[in-house]
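Encoded as structure tokens, the structure appears first; notes follow it.
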Amino acid sequence: MRRADRLFLIIHALRGRRTALQARALAQTLGVSLRTVYRDVADLQLSGVPIEGEAGVGYVLRKGADIPPLMFSADELEALVVGTRFVRAFAGEKLAQGAQAALLKIEAVLPPALRERSARTRIYAPVWRDPHQAAFAARLDRLHAAIEAHQVLQLAYRDEGGALSTRQVEPLCLAFWGGKWTLGSWCRLRRDFRNFRPDRIESLADTAECFEDRAGCNMEAYLKAMGGYYAGME
């Protein structure tokens with residue numbers, strides 16, 4: 001279990017309780033050691049979550065405390081709702097499903113006033129998936145998976161002028177420009193960083209090769225080469 005999920009579940013377990021919850025019970029529920037529970041609770045307390053109690057006694061949320069997970073403000077919550085809607089509309093299916101699941105978890109434990117505020121948000125990004133858009137979302141998922149796996153890709157790519165070339169690339173990141181996506185990569189043909197538009201990729205093939213994170217060719221070097229923003233789109 002990820003630590004972020006564990007912290008979320010600790011807060012959720014303590015909400016609405018009138019009696020202290022023993023650390024041992026939390027450890028059994030989460031499948032972790034007592035030491036891990038003690039450390040997690042201490043970190044939550046330091047971050048401002050009003051948990052009272054101590055080891056050997058148990059823990060409760062301070063009386064009168066009614067907080068959303070991670071102390072979200074109304075504006076922060078609205079930003080999460082809007083962000084989720086944009087991810088659902090424009091990202092790949094995997095990220096879209098993840099964003100929606102995360103929002104449902106947050107809304108499940110919100111106090112009524114903030115849950116109502118979430119429902120009133122009037123910024124939308126309508127989801128429209130015709131066959132072409134569904135195929136493009138699947139392509140984004142495939143590129144995202146290659147980035148995560150450090151997998152070399154072979155592209156048949158058509159540039160702005162219509163010229164077709166074959167490239168082997170080391171994919172580093174995806175960026176959305178409010179209408180167009182770009183794939184930031186190390187291009188082995190050019191021996192330099194290049195940004196490719198996924199909608200101009202004619203075909204995409206996986207290779208059996210994985211690349212290493214090398215100085216001068218990695219994400220840190222890419223961002224430095226871009227000067228803090230993406231430019232030089234092919």
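Quick note on naming: the chains in the structure tokens go A, B, ... in the order shown, residues restart at 1 in each chain, and ligands are numbered from 1 in order of appearance.
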May I have the residues within 7 Å of Arg15 (chain A) as a PyMOL selection string, using only C-alpha atoms and disregarding those fewer than 3 positions away in the same chain? chain A and resi 11-12+61
Cys217 (chain A) surroundings by only C-alpha atoms, 10 Å radius, close-in-sequence under 5 positions cut, as an NGL selection string: :A and (170 or 172 or 185-187 or 191-193 or 212 or 222 or 225)
Do you have the CA of Phe8 (chain A)-CA of Glu52 (chain A) distance handy?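 Rounded to one decimal, the two atoms are 16.6 Å apart.
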CA of Leu30 (chain A) and CA of Ala13 (chain A) are how many Å apart? 10.4 Å
Ranking A:Phe176, A:Gly31, A:Gly216, A:Leu9 by minimum distance to Leu44 (chain A) and counting only C-alpha atoms, which one comes first? A:Leu9
Please provide the set of residues having any atom within 10 Å of Asp199 (chain A), restricted to only C-alpha atoms, with same-chain residues fewer than 3 positions apart removed, written as a ChimeraX atom specification. /A:136,139-140,157-158,180-182,196,202
Keeping N, CA and C atoms for every residue in the selection just given, could you write it to a file as a PDB file, in the first residue's frame?
ATOM      1  N   PHE A 136      -6.975   8.007 -30.042  1.00  0.00           N
ATOM      2  CA  PHE A 136      -5.931   8.927 -29.596  1.00  0.00           C
ATOM      3  C   PHE A 136      -5.678   8.764 -28.096  1.00  0.00           C
ATOM      4  N   ARG A 139      -3.533   5.886 -27.604  1.00  0.00           N
ATOM      5  CA  ARG A 139      -2.152   6.200 -27.949  1.00  0.00           C
ATOM      6  C   ARG A 139      -1.454   6.924 -26.798  1.00  0.00           C
ATOM      7  N   LEU A 140      -2.153   7.858 -26.163  1.00  0.00           N
ATOM      8  CA  LEU A 140      -1.571   8.548 -25.004  1.00  0.00           C
ATOM      9  C   LEU A 140      -1.239   7.558 -23.896  1.00  0.00           C
ATOM     10  N   TYR A 157       6.943   9.298 -38.295  1.00  0.00           N
ATOM     11  CA  TYR A 157       6.462  10.620 -37.885  1.00  0.00           C
ATOM     12  C   TYR A 157       6.405  11.578 -39.069  1.00  0.00           C
ATOM     13  N   ARG A 158       5.294  12.314 -39.148  1.00  0.00           N
ATOM     14  CA  ARG A 158       5.121  13.301 -40.208  1.00  0.00           C
ATOM     15  C   ARG A 158       5.230  14.699 -39.603  1.00  0.00           C
ATOM     16  N   LYS A 180      -3.283  20.717 -27.832  1.00  0.00           N
ATOM     17  CA  LYS A 180      -2.372  19.759 -28.441  1.00  0.00           C
ATOM     18  C   LYS A 180      -1.461  19.152 -27.382  1.00  0.00           C
ATOM     19  N   TRP A 181      -1.150  17.862 -27.580  1.00  0.00           N
ATOM     20  CA  TRP A 181      -0.183  17.177 -26.743  1.00  0.00           C
ATOM     21  C   TRP A 181       1.169  17.144 -27.452  1.00  0.00           C
ATOM     22  N   THR A 182       2.240  17.095 -26.663  1.00  0.00           N
ATOM     23  CA  THR A 182       3.567  16.850 -27.216  1.00  0.00           C
ATOM     24  C   THR A 182       4.262  15.770 -26.395  1.00  0.00           C
ATOM     25  N   PHE A 196       7.603  15.787 -30.167  1.00  0.00           N
ATOM     26  CA  PHE A 196       6.777  15.212 -31.223  1.00  0.00           C
ATOM     27  C   PHE A 196       5.304  15.324 -30.849  1.00  0.00           C
ATOM     28  N   GLU A 202       2.389   8.568 -37.445  1.00  0.00           N
ATOM     29  CA  GLU A 202       1.690   7.688 -38.384  1.00  0.00           C
ATOM     30  C   GLU A 202       1.594   6.265 -37.839  1.00  0.00           C
TER      31      GLU A 202
END
Contacts of Ala175 (chain A) at 12 Å or less, counting only C-alpha atoms, minus same-chain residues fewer than 5 places along, as a PyMOL selection string? chain A and resi 90-91+140+143-144+180-185+195-198+223+229-231+233
I need the residues from that last selection saved to file as an mmCIF file, in the first residue's frame (with N, CA and C atoms), if you can.
data_model
loop_
_atom_site.group_PDB
_atom_site.id
_atom_site.type_symbol
_atom_site.label_atom_id
_atom_site.label_comp_id
_atom_site.auth_asym_id
_atom_site.auth_seq_id
_atom_site.Cartn_x
_atom_site.Cartn_y
_atom_site.Cartn_z
ATOM 1 N N PHE A 90 -9.254 15.050 -21.678
ATOM 2 C CA PHE A 90 -8.142 15.202 -22.607
ATOM 3 C C PHE A 90 -7.019 14.181 -22.458
ATOM 4 N N ALA A 91 -6.953 13.469 -21.330
ATOM 5 C CA ALA A 91 -5.847 12.530 -21.124
ATOM 6 C C ALA A 91 -6.227 11.145 -21.616
ATOM 7 N N LEU A 140 -2.153 7.858 -26.163
ATOM 8 C CA LEU A 140 -1.571 8.548 -25.004
ATOM 9 C C LEU A 140 -1.239 7.558 -23.896
ATOM 10 N N LEU A 143 1.957 5.774 -24.901
ATOM 11 C CA LEU A 143 3.136 6.623 -24.726
ATOM 12 C C LEU A 143 3.470 6.782 -23.245
ATOM 13 N N HIS A 144 2.436 6.966 -22.433
ATOM 14 C CA HIS A 144 2.632 7.106 -20.995
ATOM 15 C C HIS A 144 3.292 5.849 -20.418
ATOM 16 N N LYS A 180 -3.283 20.717 -27.832
ATOM 17 C CA LYS A 180 -2.372 19.759 -28.441
ATOM 18 C C LYS A 180 -1.461 19.152 -27.382
ATOM 19 N N TRP A 181 -1.150 17.862 -27.580
ATOM 20 C CA TRP A 181 -0.183 17.177 -26.743
ATOM 21 C C TRP A 181 1.169 17.144 -27.452
ATOM 22 N N THR A 182 2.240 17.095 -26.663
ATOM 23 C CA THR A 182 3.567 16.850 -27.216
ATOM 24 C C THR A 182 4.262 15.770 -26.395
ATOM 25 N N LEU A 183 5.103 15.024 -27.081
ATOM 26 C CA LEU A 183 5.929 13.991 -26.447
ATOM 27 C C LEU A 183 7.361 14.500 -26.430
ATOM 28 N N GLY A 184 7.883 14.778 -25.239
ATOM 29 C CA GLY A 184 9.275 15.193 -25.099
ATOM 30 C C GLY A 184 10.177 13.980 -25.099
ATOM 31 N N SER A 185 11.193 13.975 -25.972
ATOM 32 C CA SER A 185 12.013 12.772 -26.158
ATOM 33 C C SER A 185 13.465 13.124 -26.469
ATOM 34 N N ASN A 195 10.546 17.490 -29.578
ATOM 35 C CA ASN A 195 9.150 17.365 -29.172
ATOM 36 C C ASN A 195 8.336 16.871 -30.357
ATOM 37 N N PHE A 196 7.603 15.787 -30.167
ATOM 38 C CA PHE A 196 6.777 15.212 -31.223
ATOM 39 C C PHE A 196 5.304 15.324 -30.849
ATOM 40 N N ARG A 197 4.474 15.638 -31.815
ATOM 41 C CA ARG A 197 3.045 15.667 -31.574
ATOM 42 C C ARG A 197 2.456 14.278 -31.811
ATOM 43 N N PRO A 198 1.792 13.698 -30.816
ATOM 44 C CA PRO A 198 1.221 12.366 -30.990
ATOM 45 C C PRO A 198 0.246 12.263 -32.161
ATOM 46 N N LEU A 223 14.622 19.471 -19.583
ATOM 47 C CA LEU A 223 14.022 20.714 -19.090
ATOM 48 C C LEU A 223 15.000 21.884 -19.193
ATOM 49 N N TYR A 229 10.505 25.909 -20.611
ATOM 50 C CA TYR A 229 9.242 25.737 -21.311
ATOM 51 C C TYR A 229 9.491 24.922 -22.573
ATOM 52 N N TYR A 230 8.446 24.380 -23.133
ATOM 53 C CA TYR A 230 8.591 23.538 -24.306
ATOM 54 C C TYR A 230 8.608 24.384 -25.574
ATOM 55 N N ALA A 231 9.574 24.084 -26.428
ATOM 56 C CA ALA A 231 9.704 24.831 -27.681
ATOM 57 C C ALA A 231 10.297 23.924 -28.727
ATOM 58 N N MET A 233 8.969 22.545 -31.450
ATOM 59 C CA MET A 233 8.175 21.415 -31.888
ATOM 60 C C MET A 233 8.475 21.062 -33.341
#
Strand (DSSP E or B) per DSSP on the backbone: members of region 9-141 of chain A, as a VMD selection string: chain A and resid 21 51 to 54 58 to 61
Quick one: everything within 10 Å of Arg200 (chain A), counting only C-alpha atoms, minus sequence neighbours fewer than 6 positions away in the same chain. Send it as a PyMOL selection string. chain A and resi 155-160+162+164+182+234
Could you write out the selected residues, including C-alpha atoms, as a tab-separated table (two decimals), in the first residue's frame?
chain	number	residue	atom	x	y	z
A	155	LEU	CA	7.98	6.24	-34.71
A	156	ALA	CA	6.91	6.87	-38.26
A	157	TYR	CA	6.46	10.62	-37.88
A	158	ARG	CA	5.12	13.30	-40.21
A	159	ASP	CA	6.41	16.81	-39.50
A	160	GLU	CA	4.59	20.12	-39.99
A	162	GLY	CA	4.24	16.68	-44.26
A	164	LEU	CA	7.69	11.45	-43.19
A	182	THR	CA	3.57	16.85	-27.22
A	234	GLU	CA	9.00	19.37	-34.99
List the neighbours of Leu26 (chain A) out to 9 Å using only C-alpha atoms; skip same-chain residues closer than 6 positions along the sequence, and give me the result as an mmCIF file with C-alpha atoms, in the first residue's frame.
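Result written to around.cif:
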data_model
loop_
_atom_site.group_PDB
_atom_site.id
_atom_site.type_symbol
_atom_site.label_atom_id
_atom_site.label_comp_id
_atom_site.auth_asym_id
_atom_site.auth_seq_id
_atom_site.Cartn_x
_atom_site.Cartn_y
_atom_site.Cartn_z
ATOM 1 C CA ILE A 10 -5.814 6.727 8.994
ATOM 2 C CA ALA A 13 -10.647 5.625 10.374
ATOM 3 C CA VAL A 32 1.768 -2.512 8.709
ATOM 4 C CA LEU A 34 3.128 -0.436 14.986
ATOM 5 C CA VAL A 37 1.549 3.697 12.451
#
Near-Arg122 (chain A) list (12 Å; only C-alpha atoms; drop same-chain fewer than 6 positions) as a ChimeraX atom specification: /A:78-79,81-82,85
Between CA of Thr19 (chain A) and CA of Ala74 (chain A), what is the distance, to one decimal in Å? 28.9 Å
For each of A:Gln151, A:Phe86, A:Ala55, A:Gly48, take the minimum atom-to-atom distance to Val127 (chain A), counting only C-alpha atoms, then give the residue where this is smallest.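 Under the stated criterion, the closest residue is A:Phe86.
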Identify which of the residues A:Ile147, A:Leu189, A:Ala208, A:Val152 lies closest to Thr166 (chain A), counting only C-alpha atoms when measuring atom-to-atom distances.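 Going through A:Ile147, A:Leu189, A:Ala208, A:Val152 one by one, the smallest distance to Thr166 (chain A) is for A:Leu189.
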DSSP on the backbone, helix (DSSP H, G or I) only: what residues of region 4-226 of chain A does that give? Format it as a VMD selection string. chain A and resid 4 to 14 23 to 30 34 to 46 69 to 71 74 to 90 93 to 108 112 to 120 131 to 149 198 to 200 219 to 225
With only C-alpha atoms as the basis for distance, which of A:Ile201, A:Leu110, A:Leu174, A:Ala119 is at the shortest distance from Gln154 (chain A)?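 Of the candidates, the smallest distance to Gln154 (chain A) is held by A:Ile201.
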Calculated over only C-alpha atoms, which of the candidates A:Gly56, A:Pro126, A:Pro112, A:Gly178 has the smallest distance to Thr84 (chain A)? A:Pro126
From the options A:Met219, A:Gly161, A:Asp5, A:Gly58, which residue's atoms come nearest to Lys105 (chain A), counting only C-alpha atoms?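 Comparing A:Met219, A:Gly161, A:Asp5, A:Gly58 against Lys105 (chain A), the winner is A:Asp5.
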